[in-house]
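model_33.pdb follows; it contains PDB, C-alpha atoms, pLDDT in the B column.
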ATOM      1  CA  MET H  17       2.294  21.138 -11.726  1.00 39.00           C
ATOM      2  CA  PRO H  18      -0.573  22.468  -9.610  1.00 42.00           C
ATOM      3  CA  LEU H  19      -2.710  19.763  -8.036  1.00 51.00           C
ATOM      4  CA  PRO H  20      -6.338  19.851  -6.854  1.00 57.00           C
ATOM      5  CA  SER H  21      -5.110  20.846  -3.405  1.00 65.00           C
ATOM      6  CA  GLY H  22      -3.316  23.833  -4.948  1.00 79.00           C
ATOM      7  CA  VAL H  23       0.005  22.594  -3.572  1.00 86.00           C
ATOM      8  CA  ILE H  24       2.859  22.218  -6.035  1.00 91.00           C
ATOM      9  CA  VAL H  25       5.333  19.398  -5.427  1.00 94.00           C
ATOM     10  CA  PRO H  26       8.651  20.343  -7.026  1.00 93.00           C
ATOM     11  CA  GLN H  27      10.075  17.919  -9.551  1.00 93.00           C
ATOM     12  CA  ASN H  28      12.591  15.511  -7.935  1.00 94.00           C
ATOM     13  CA  TYR H  29      11.243  16.488  -4.507  1.00 96.00           C
ATOM     14  CA  ASP H  30      12.662  14.447  -1.627  1.00 96.00           C
ATOM     15  CA  PRO H  31      10.841  14.856   1.691  1.00 96.00           C
ATOM     16  CA  GLU H  32      13.951  13.763   3.589  1.00 95.00           C
ATOM     17  CA  LYS H  33      15.759  16.850   2.285  1.00 95.00           C
ATOM     18  CA  ASP H  34      12.870  19.173   3.116  1.00 94.00           C
ATOM     19  CA  LYS H  35      13.995  21.385   5.995  1.00 92.00           C
ATOM     20  CA  GLY H  36      10.459  22.556   6.717  1.00 92.00           C
ATOM     21  CA  LYS H  37       8.039  21.370   9.357  1.00 95.00           C
ATOM     22  CA  PHE H  38       7.290  17.624   9.494  1.00 96.00           C
ATOM     23  CA  MET H  39       4.298  16.804   7.268  1.00 96.00           C
ATOM     24  CA  ASN H  40       4.032  20.279   5.817  1.00 96.00           C
ATOM     25  CA  LYS H  41       1.662  20.769   2.868  1.00 95.00           C
ATOM     26  CA  VAL H  42       4.267  19.819   0.241  1.00 96.00           C
ATOM     27  CA  MET H  43       5.157  16.600   2.101  1.00 97.00           C
ATOM     28  CA  GLN H  44       1.495  15.748   2.475  1.00 97.00           C
ATOM     29  CA  GLU H  45       0.874  16.287  -1.241  1.00 96.00           C
ATOM     30  CA  TYR H  46       3.992  14.274  -2.134  1.00 97.00           C
ATOM     31  CA  PHE H  47       2.748  11.292  -0.123  1.00 98.00           C
ATOM     32  CA  ARG H  48      -0.844  11.736  -1.335  1.00 97.00           C
ATOM     33  CA  GLN H  49       0.369  11.466  -4.937  1.00 96.00           C
ATOM     34  CA  ARG H  50       2.574   8.440  -4.168  1.00 97.00           C
ATOM     35  CA  LEU H  51      -0.366   6.687  -2.521  1.00 98.00           C
ATOM     36  CA  ILE H  52      -2.797   7.554  -5.323  1.00 97.00           C
ATOM     37  CA  ASP H  53      -0.318   6.430  -8.003  1.00 97.00           C
ATOM     38  CA  TRP H  54       0.272   3.172  -6.116  1.00 97.00           C
ATOM     39  CA  ARG H  55      -3.475   2.577  -5.810  1.00 97.00           C
ATOM     40  CA  GLU H  56      -4.016   3.237  -9.530  1.00 96.00           C
ATOM     41  CA  GLU H  57      -1.227   0.809 -10.414  1.00 95.00           C
ATOM     42  CA  LEU H  58      -2.784  -1.910  -8.241  1.00 93.00           C
ATOM     43  CA  ILE H  59      -6.202  -1.332  -9.795  1.00 92.00           C
ATOM     44  CA  LYS H  60      -4.770  -1.530 -13.331  1.00 90.00           C
ATOM     45  CA  GLU H  61      -2.987  -4.793 -12.481  1.00 85.00           C
ATOM     46  CA  SER H  62      -6.171  -6.175 -10.994  1.00 83.00           C
ATOM     47  CA  GLU H  63      -8.230  -5.224 -14.042  1.00 82.00           C
ATOM     48  CA  HIS H  64      -5.611  -6.799 -16.306  1.00 76.00           C
ATOM     49  CA  THR H  65      -5.684 -10.011 -14.295  1.00 72.00           C
ATOM     50  CA  ILE H  66      -9.451 -10.180 -14.413  1.00 70.00           C
ATOM     51  CA  LYS H  67      -9.559  -9.573 -18.184  1.00 69.00           C
ATOM     52  CA  GLU H  68      -6.564 -11.626 -19.219  1.00 67.00           C
ATOM     53  CA  SER H  69      -6.055 -14.376 -16.677  1.00 61.00           C
ATOM     54  CA  LEU H  70      -9.180 -15.162 -14.735  1.00 55.00           C
ATOM     55  CA  GLN H  71     -11.701 -14.871 -17.577  1.00 57.00           C
ATOM     56  CA  THR H  72      -9.611 -16.806 -20.096  1.00 57.00           C
ATOM     57  CA  THR H  73      -8.354 -19.516 -17.759  1.00 56.00           C
ATOM     58  CA  GLU H  74      -9.738 -22.879 -18.754  1.00 61.00           C
ATOM     59  CA  LEU H  75      -9.998 -24.979 -15.599  1.00 58.00           C
ATOM     60  CA  GLN H  76     -11.620 -27.977 -17.304  1.00 67.00           C
ATOM     61  CA  LYS H  77      -8.534 -29.655 -18.735  1.00 67.00           C
ATOM     62  CA  PRO H  78      -8.614 -33.302 -19.828  1.00 76.00           C
ATOM     63  CA  ASP H  79      -5.342 -34.100 -18.056  1.00 78.00           C
ATOM     64  CA  ILE H  80      -5.676 -34.187 -14.268  1.00 80.00           C
ATOM     65  CA  ALA H  81      -2.175 -32.726 -13.732  1.00 85.00           C
ATOM     66  CA  ASP H  82      -2.915 -29.853 -16.115  1.00 78.00           C
ATOM     67  CA  ARG H  83      -6.241 -29.242 -14.379  1.00 75.00           C
ATOM     68  CA  ALA H  84      -4.570 -29.216 -10.945  1.00 84.00           C
ATOM     69  CA  ALA H  85      -1.908 -26.776 -12.160  1.00 82.00           C
ATOM     70  CA  ALA H  86      -4.548 -24.478 -13.683  1.00 78.00           C
ATOM     71  CA  GLU H  87      -6.633 -24.547 -10.502  1.00 80.00           C
ATOM     72  CA  THR H  88      -3.557 -23.809  -8.380  1.00 86.00           C
ATOM     73  CA  ASP H  89      -2.620 -20.866 -10.609  1.00 80.00           C
ATOM     74  CA  HIS H  90      -6.198 -19.597 -10.486  1.00 77.00           C
ATOM     75  CA  ALA H  91      -6.312 -19.839  -6.677  1.00 84.00           C
ATOM     76  CA  LEU H  92      -2.973 -18.035  -6.412  1.00 87.00           C
ATOM     77  CA  GLU H  93      -4.252 -15.204  -8.620  1.00 82.00           C
ATOM     78  CA  LEU H  94      -7.367 -14.896  -6.463  1.00 82.00           C
ATOM     79  CA  ARG H  95      -5.298 -14.749  -3.251  1.00 89.00           C
ATOM     80  CA  THR H  96      -3.016 -12.144  -4.805  1.00 86.00           C
ATOM     81  CA  ARG H  97      -6.008 -10.016  -5.820  1.00 85.00           C
ATOM     82  CA  ASP H  98      -7.453 -10.347  -2.310  1.00 89.00           C
ATOM     83  CA  ARG H  99      -4.166  -9.136  -0.774  1.00 92.00           C
ATOM     84  CA  GLU H 100      -4.142  -6.241  -3.228  1.00 92.00           C
ATOM     85  CA  ARG H 101      -7.753  -5.384  -2.333  1.00 92.00           C
ATOM     86  CA  LYS H 102      -6.739  -5.202   1.334  1.00 95.00           C
ATOM     87  CA  LEU H 103      -3.725  -3.085   0.406  1.00 96.00           C
ATOM     88  CA  ILE H 104      -5.959  -0.691  -1.545  1.00 96.00           C
ATOM     89  CA  ASN H 105      -8.103  -0.300   1.593  1.00 96.00           C
ATOM     90  CA  LYS H 106      -4.974   0.568   3.599  1.00 97.00           C
ATOM     91  CA  ILE H 107      -3.931   3.053   0.921  1.00 98.00           C
ATOM     92  CA  ASN H 108      -7.387   4.656   1.053  1.00 97.00           C
ATOM     93  CA  LYS H 109      -7.080   4.964   4.842  1.00 97.00           C
ATOM     94  CA  ALA H 110      -3.658   6.569   4.452  1.00 98.00           C
ATOM     95  CA  VAL H 111      -5.038   9.126   1.974  1.00 97.00           C
ATOM     96  CA  ALA H 112      -7.894   9.859   4.390  1.00 97.00           C
ATOM     97  CA  SER H 113      -5.377  10.335   7.216  1.00 97.00           C
ATOM     98  CA  ILE H 114      -3.601  12.964   5.093  1.00 96.00           C
ATOM     99  CA  ASP H 115      -6.919  14.785   4.705  1.00 94.00           C
ATOM    100  CA  GLU H 116      -7.431  14.582   8.479  1.00 95.00           C
ATOM    101  CA  GLY H 117      -3.901  15.828   9.227  1.00 94.00           C
ATOM    102  CA  GLU H 118      -2.927  12.589  10.979  1.00 95.00           C
ATOM    103  CA  TYR H 119      -0.693  11.091   8.293  1.00 97.00           C
ATOM    104  CA  GLY H 120       2.896  10.315   9.187  1.00 97.00           C
ATOM    105  CA  TYR H 121       2.319   9.882  12.911  1.00 98.00           C
ATOM    106  CA  CYS H 122       2.503   6.546  14.703  1.00 97.00           C
ATOM    107  CA  GLU H 123      -0.950   5.270  15.683  1.00 96.00           C
ATOM    108  CA  GLU H 124       0.507   3.811  18.868  1.00 96.00           C
ATOM    109  CA  THR H 125       2.805   6.554  20.161  1.00 95.00           C
ATOM    110  CA  GLY H 126       1.743   9.656  18.240  1.00 96.00           C
ATOM    111  CA  GLU H 127       5.386  10.279  17.342  1.00 96.00           C
ATOM    112  CA  PRO H 128       6.404  11.060  13.745  1.00 97.00           C
ATOM    113  CA  ILE H 129       7.166   8.046  11.562  1.00 98.00           C
ATOM    114  CA  SER H 130      10.551   8.437   9.870  1.00 97.00           C
ATOM    115  CA  LEU H 131      10.407   9.857   6.364  1.00 97.00           C
ATOM    116  CA  ALA H 132      12.631   7.020   5.144  1.00 96.00           C
ATOM    117  CA  ARG H 133      10.031   4.517   6.380  1.00 97.00           C
ATOM    118  CA  LEU H 134       7.175   6.450   4.781  1.00 98.00           C
ATOM    119  CA  LYS H 135       9.059   6.626   1.479  1.00 97.00           C
ATOM    120  CA  ALA H 136       9.611   2.863   1.591  1.00 96.00           C
ATOM    121  CA  ARG H 137       6.093   2.079   2.827  1.00 97.00           C
ATOM    122  CA  PRO H 138       3.765   5.063   2.328  1.00 97.00           C
ATOM    123  CA  ASN H 139       0.858   3.284   4.039  1.00 97.00           C
ATOM    124  CA  ALA H 140       2.803   2.692   7.278  1.00 97.00           C
ATOM    125  CA  THR H 141       0.814   3.501  10.403  1.00 97.00           C
ATOM    126  CA  LEU H 142       3.421   2.549  12.996  1.00 97.00           C
ATOM    127  CA  SER H 143       6.965   3.720  13.597  1.00 96.00           C
ATOM    128  CA  ILE H 144       9.671   1.097  13.128  1.00 96.00           C
ATOM    129  CA  GLU H 145       9.978   0.669  16.889  1.00 95.00           C
ATOM    130  CA  SER H 146       6.231   0.195  17.351  1.00 95.00           C
ATOM    131  CA  GLN H 147       6.049  -2.171  14.377  1.00 95.00           C
ATOM    132  CA  GLU H 148       8.891  -4.297  15.779  1.00 95.00           C
ATOM    133  CA  ARG H 149       7.223  -4.357  19.188  1.00 94.00           C
ATOM    134  CA  HIS H 150       3.927  -5.351  17.554  1.00 92.00           C
ATOM    135  CA  GLU H 151       5.617  -8.164  15.610  1.00 93.00           C
ATOM    136  CA  ARG H 152       7.385  -9.461  18.747  1.00 93.00           C
ATOM    137  CA  MET H 153       4.055  -9.529  20.568  1.00 91.00           C
ATOM    138  CA  GLU H 154       2.443 -11.433  17.697  1.00 90.00           C
ATOM    139  CA  LYS H 155       5.296 -13.915  17.654  1.00 88.00           C
ATOM    140  CA  THR H 156       5.149 -14.597  21.388  1.00 88.00           C
ATOM    141  CA  HIS H 157       1.349 -14.735  21.586  1.00 83.00           C
ATOM    142  CA  ARG H 158       0.475 -16.677  18.466  1.00 72.00           C
ATOM    143  CA  ASP H 159      -1.155 -20.065  18.744  1.00 62.00           C
ATOM    144  CA  ASP H 160       1.248 -22.777  17.590  1.00 53.00           C
TER     145      ASP H 160
END
Is it possible to express this structure as structure tokens?
Amino acid sequence: MPLPSGVIVPQNYDPEKDKGKFMNKVMQEYFRQRLIDWREELIKESEHTIKESLQTTELQKPDIADRAAAETDHALELRTRDRERKLINKINKAVASIDEGEYGYCEETGEPISLARLKARPNATLSIESQERHERMEKTHRDD
């Protein structure tokens, strides 16, 4: 199926089996489509939550326990939507990095991020090693 970029991603394409250059046009289009599909799924879920859950939730319940449970559920939905909003921003940045030819390279080292990592987490900006180093630094420097 030809895409707006003109690049065709073969059906059942697996970038890990691609023997071409790292982040060639087909790989870029494969990841672009994964990111766009993921973003669309998050947006649909968000719209569903807004229509079904948040607008129909009755927070004014006569029983205090029921009211507390409803408010807790409502707050949890709002936090989930906020996390998804932040994730959508990261997805948008990843798509932009594909357009700029920077996708798939570690922001810290400039080295390629493993294809297995990108398949598992298409919005990854750090290699596994850099991510682990970053997490260790956070753990040792956080305020307890």
Have a look at H:Glu57, H:Ile80, H:Arg95, H:Thr141 and name the one nearest to Ile114 in chain H; count all atoms listed in the file.
->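 Result for the nearest residue to Ile114 in chain H: H:Thr141.
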Which value, in Å to one decimal, gives the distance between CA of Lys60 in chain H and CA of Asn108 in chain H?
-> 15.9 Å
So which residues get picked by the PyMOL selection byres ((chain H and resi 123-138) around 10) here, written as a ChimeraX atom specification?
-> /H:30-33,38-39,43,46-48,50-51,54,106-107,110-111,118-122,139-147,150
Which value, in Å to one decimal, gives the distance between CA of Lys155 in chain H and CA of Asn105 in chain H?
->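 Interatomic distance, CA of Lys155 in chain H to CA of Asn105 in chain H: 25.0 Å.
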Could you tell me how far CA of Glu63 in chain H lies from CA of Lys109 in chain H, in Å and to one decimal?
->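 Between these atoms lies a distance of 21.5 Å.
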Determine the nearest neighbour of Glu93 in chain H from the options H:Glu61, H:Glu45, H:Asp115, H:Asp79, counting all atoms listed in the file.
-> H:Glu61
Where is the centre and how long are the edges: axis-aligned box on range 37-48 of chain H, 5 Å on each side, Å to one decimal, as lines of an AutoDock Vina configuration file:
center_x = 3.6
center_y = 16.3
center_z = 3.7
size_x = 18.9
size_y = 20.1
size_z = 21.6
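Using all atoms listed in the file, the shortest contact distance between Asp98 in chain H and any of H:Ile59, H:Ile24, H:Met153, H:Val42 is found at H:Ile59.
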Please work out which residues fall within 7 Å of (-6.0, -13.2, -10.3), coordinates as given in the file, with all atoms listed in the file counting, and return them as number ranges by chain.
-> H: 65-66, 69-70, 90, 92-94, 96-97
Taking all atoms listed in the file into account, which of H:Arg55, H:His64, H:Pro78, H:Val25 comes nearest Glu100 in chain H?
->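 Among the listed residues, the smallest separation from Glu100 in chain H belongs to H:Arg55.
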Quick one: of H:Gln44, H:Gly36, H:Asn28, H:Glu151, who's nearest to Glu116 in chain H, counting all atoms listed in the file?
-> H:Gln44
